[in-house]
Structure formats: structure tokens, C-alpha cells
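Student: The structure file data.pdb (PDB, C-alpha atoms) is provided below.
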```pdb
ATOM      1  CA  MET A   1       0.000   0.000   0.000
ATOM      2  CA  SER A   2       2.945   2.335   0.565
ATOM      3  CA  VAL A   3       3.832   2.259  -3.149
ATOM      4  CA  ILE A   4       0.277   2.742  -4.402
ATOM      5  CA  LEU A   5      -0.461   6.022  -2.615
ATOM      6  CA  PRO A   6       2.470   8.017  -4.039
ATOM      7  CA  LEU A   7       1.589   6.748  -7.508
ATOM      8  CA  LEU A   8      -2.033   7.799  -7.029
ATOM      9  CA  PHE A   9      -0.940  11.232  -5.797
ATOM     10  CA  LEU A  10       1.287  11.594  -8.860
ATOM     11  CA  LEU A  11      -1.536  10.480 -11.143
ATOM     12  CA  THR A  12      -3.857  12.982  -9.460
ATOM     13  CA  ALA A  13      -1.366  15.786 -10.025
ATOM     14  CA  CYS A  14      -0.930  14.776 -13.677
ATOM     15  CA  SER A  15      -4.664  14.574 -14.350
ATOM     16  CA  GLY A  16      -5.244  17.941 -12.663
ATOM     17  CA  THR A  17      -2.490  19.481 -14.746
ATOM     18  CA  ALA A  18      -4.007  17.981 -17.891
ATOM     19  CA  VAL A  19      -7.343  19.648 -17.095
ATOM     20  CA  VAL A  20      -5.611  23.020 -16.951
ATOM     21  CA  LEU A  21      -3.372  22.568 -19.989
ATOM     22  CA  VAL A  22      -5.921  21.171 -22.457
ATOM     23  CA  ARG A  23      -7.153  23.982 -24.686
ATOM     24  CA  ASP A  24     -10.086  22.353 -26.515
ATOM     25  CA  PRO A  25     -13.261  22.670 -24.400
ATOM     26  CA  VAL A  26     -14.626  19.245 -25.381
ATOM     27  CA  ARG A  27     -11.378  17.539 -24.451
ATOM     28  CA  GLN A  28     -11.336  19.551 -21.247
ATOM     29  CA  VAL A  29     -14.690  18.046 -20.260
ATOM     30  CA  PHE A  30     -13.263  14.561 -20.752
ATOM     31  CA  ALA A  31     -10.167  15.539 -18.782
ATOM     32  CA  ILE A  32     -12.394  16.724 -15.915
ATOM     33  CA  ALA A  33     -14.200  13.378 -15.959
ATOM     34  CA  ALA A  34     -10.890  11.490 -15.961
ATOM     35  CA  ASN A  35      -9.683  13.639 -13.070
ATOM     36  CA  GLY A  36     -12.840  12.715 -11.170
ATOM     37  CA  LEU A  37     -12.164   9.033 -11.753
ATOM     38  CA  VAL A  38      -8.581   9.360 -10.539
ATOM     39  CA  LEU A  39      -9.789  11.178  -7.417
ATOM     40  CA  THR A  40     -12.369   8.438  -6.862
ATOM     41  CA  ILE A  41      -9.648   5.794  -6.930
ATOM     42  CA  LEU A  42      -7.487   7.897  -4.611
ATOM     43  CA  PHE A  43     -10.283   8.336  -2.067
ATOM     44  CA  ALA A  44     -11.038   4.621  -2.183
ATOM     45  CA  ALA A  45      -7.368   3.858  -1.557
ATOM     46  CA  LEU A  46      -7.409   6.270   1.384
ATOM     47  CA  GLN A  47     -10.311   4.251   2.828
ATOM     48  CA  ALA A  48     -12.940   6.969   2.413
ATOM     49  CA  PRO A  49     -15.691   5.105   0.538
ATOM     50  CA  ASP A  50     -18.360   7.741   1.164
ATOM     51  CA  VAL A  51     -16.190  10.482  -0.329
ATOM     52  CA  ALA A  52     -15.227   8.176  -3.208
ATOM     53  CA  LEU A  53     -18.867   7.518  -4.074
ATOM     54  CA  SER A  54     -19.672  11.222  -3.892
ATOM     55  CA  GLU A  55     -16.737  12.029  -6.146
ATOM     56  CA  LEU A  56     -17.819   9.318  -8.568
ATOM     57  CA  ALA A  57     -21.338  10.712  -8.792
ATOM     58  CA  VAL A  58     -20.486  14.405  -8.846
ATOM     59  CA  GLY A  59     -16.928  14.740 -10.149
ATOM     60  CA  SER A  60     -17.050  11.993 -12.748
ATOM     61  CA  ALA A  61     -20.637  12.175 -13.947
ATOM     62  CA  ALA A  62     -22.735  15.194 -12.983
ATOM     63  CA  VAL A  63     -20.300  18.089 -13.447
ATOM     64  CA  PRO A  64     -18.811  16.874 -16.768
ATOM     65  CA  LEU A  65     -22.317  16.177 -18.062
ATOM     66  CA  LEU A  66     -23.470  19.697 -17.153
ATOM     67  CA  PHE A  67     -20.384  21.219 -18.782
ATOM     68  CA  PHE A  68     -20.915  19.117 -21.901
ATOM     69  CA  VAL A  69     -24.599  20.101 -22.192
ATOM     70  CA  ALA A  70     -23.739  23.783 -21.702
ATOM     71  CA  LEU A  71     -20.961  23.553 -24.275
ATOM     72  CA  MET A  72     -23.248  21.945 -26.831
ATOM     73  CA  ALA A  73     -25.946  24.563 -26.176
ATOM     74  CA  VAL A  74     -23.472  27.372 -26.783
ATOM     75  CA  ARG A  75     -22.131  25.782 -29.947
ATOM     76  CA  ASN A  76     -25.611  25.159 -31.415
ATOM     77  CA  GLN A  77     -26.801  28.695 -30.741
ATOM     78  CA  PRO A  78     -26.904  30.843 -33.892
ATOM     79  CA  PRO A  79     -24.785  34.006 -33.831
ATOM     80  CA  GLU A  80     -26.594  37.184 -32.815
ATOM     81  CA  GLU A  81     -27.089  39.902 -35.387
ATOM     82  CA  GLU A  82     -25.820  43.379 -34.641
ATOM     83  CA  SER A  83     -28.386  46.170 -34.793
TER      84      SER A  83
END
```
Show me, as C-alpha cells, the structure contained in the file I just sent.
Tutor:
Amino acid sequence: MSVILPLLFLLTACSGTAVVLVRDPVRQVFAIAANGLVLTILFAALQAPDVALSELAVGSAAVPLLFFVALMAVRNQPPEEES
């Protein structure tokens, strides 16, 4: 277990950095979902199953889904005409 935790912390730092560095909004949504999954695994390894389940529901599913729906709504909206 002593080897797994540092690797999970490193993976968490890498996935968080990827969220910030990705420039395409669609890919950023997927990076946020992947970051949520990594955090879920980390919380499960730290023996916090209630926090892991919350992170799975919110950080890996709900928030990326809301961002994706908002992104698609903005992209499908026609441009406004200037008056």
C-alpha cells in the first residue's frame, strides 16, 4: 500500500495538470471526468468510501455532463445579429 499512494498522488497531479493545460473545451470536459475518476480511486485507496462515491457521482458524472450540455448549447446557438 505504501507504493500505491504516491503513484495515485502523482496520477492525481498529472490529471489535474491535464485539465488546466488542455485547450479544446470538449477535451477539457473529458479531462475533468478522468480527473474525477482518478480522485475516486485515490479516495477509495485512502479508505474513504463515502467520499469516493460522492466524487464518482459528482466529479465523474454530474459536473462533466453539465459542462458538456452547456458547451453543446453554446455551440448550437446561432450568432446574434448586430443592430
Student: Using the chain letters and numbers from the file, which residues does the PyMOL selection byres ((chain A and resi 45) around 12) grab, as JSON, numbers by chain?
Tutor: {"A": [1, 2, 3, 4, 5, 6, 7, 8, 9, 38, 39, 40, 41, 42, 43, 44, 46, 47, 48, 49, 50, 51, 52]}
Student: Just the number, please: distance in Å from CA of Ala31 (chain A) to CA of Thr12 (chain A), one decimal.
Tutor: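 CA of Thr12 (chain A) lies at a distance of 11.5 Å from CA of Ala31 (chain A).
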Student: Could you give me, as a PyMOL selection string, the residues that have an atom at most 10 Å away from the point (-10.2, 19.4, -14.3) in the coordinates of the file, using all atoms listed in the file?
Tutor: chain A and resi 15-22+28-36+59+64
Student: Can you tell me, as AutoDock Vina command-line options, the centre and edge lengths (Å, one decimal) of the axis-aligned box enclosing all of region 41-60 of chain A's listed atoms after padding each side by 5 Å?
Tutor:
```
--center_x -14.4 --center_y 9.3 --center_z -5.0 --size_x 24.0 --size_y 20.9 --size_z 25.6
```
Student: Select, from A:Leu37, A:Val26, A:Met72, A:Pro79, the residue with the minimum atom-to-atom distance to Ser60 (chain A), counting all atoms listed in the file.
Tutor: A:Leu37
Student: What does the structure give for the distance between CA of Pro25 (chain A) and CA of Asn76 (chain A), in Å to one decimal?
Tutor: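 Computing the Euclidean distance for CA of Pro25 (chain A) and CA of Asn76 (chain A) yields 14.4 Å.
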Student: Could you state the separation of CA of Asp24 (chain A) and CA of Leu71 (chain A) in Å, given to one decimal place?
Tutor: 11.2 Å
Student: Tell me which of A:Ala13, A:Phe68, A:Ala61, A:Arg75 sits closest to Arg27 (chain A), counting only C-alpha atoms.
Tutor: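 Smallest separation from Arg27 (chain A) among the options: A:Phe68.
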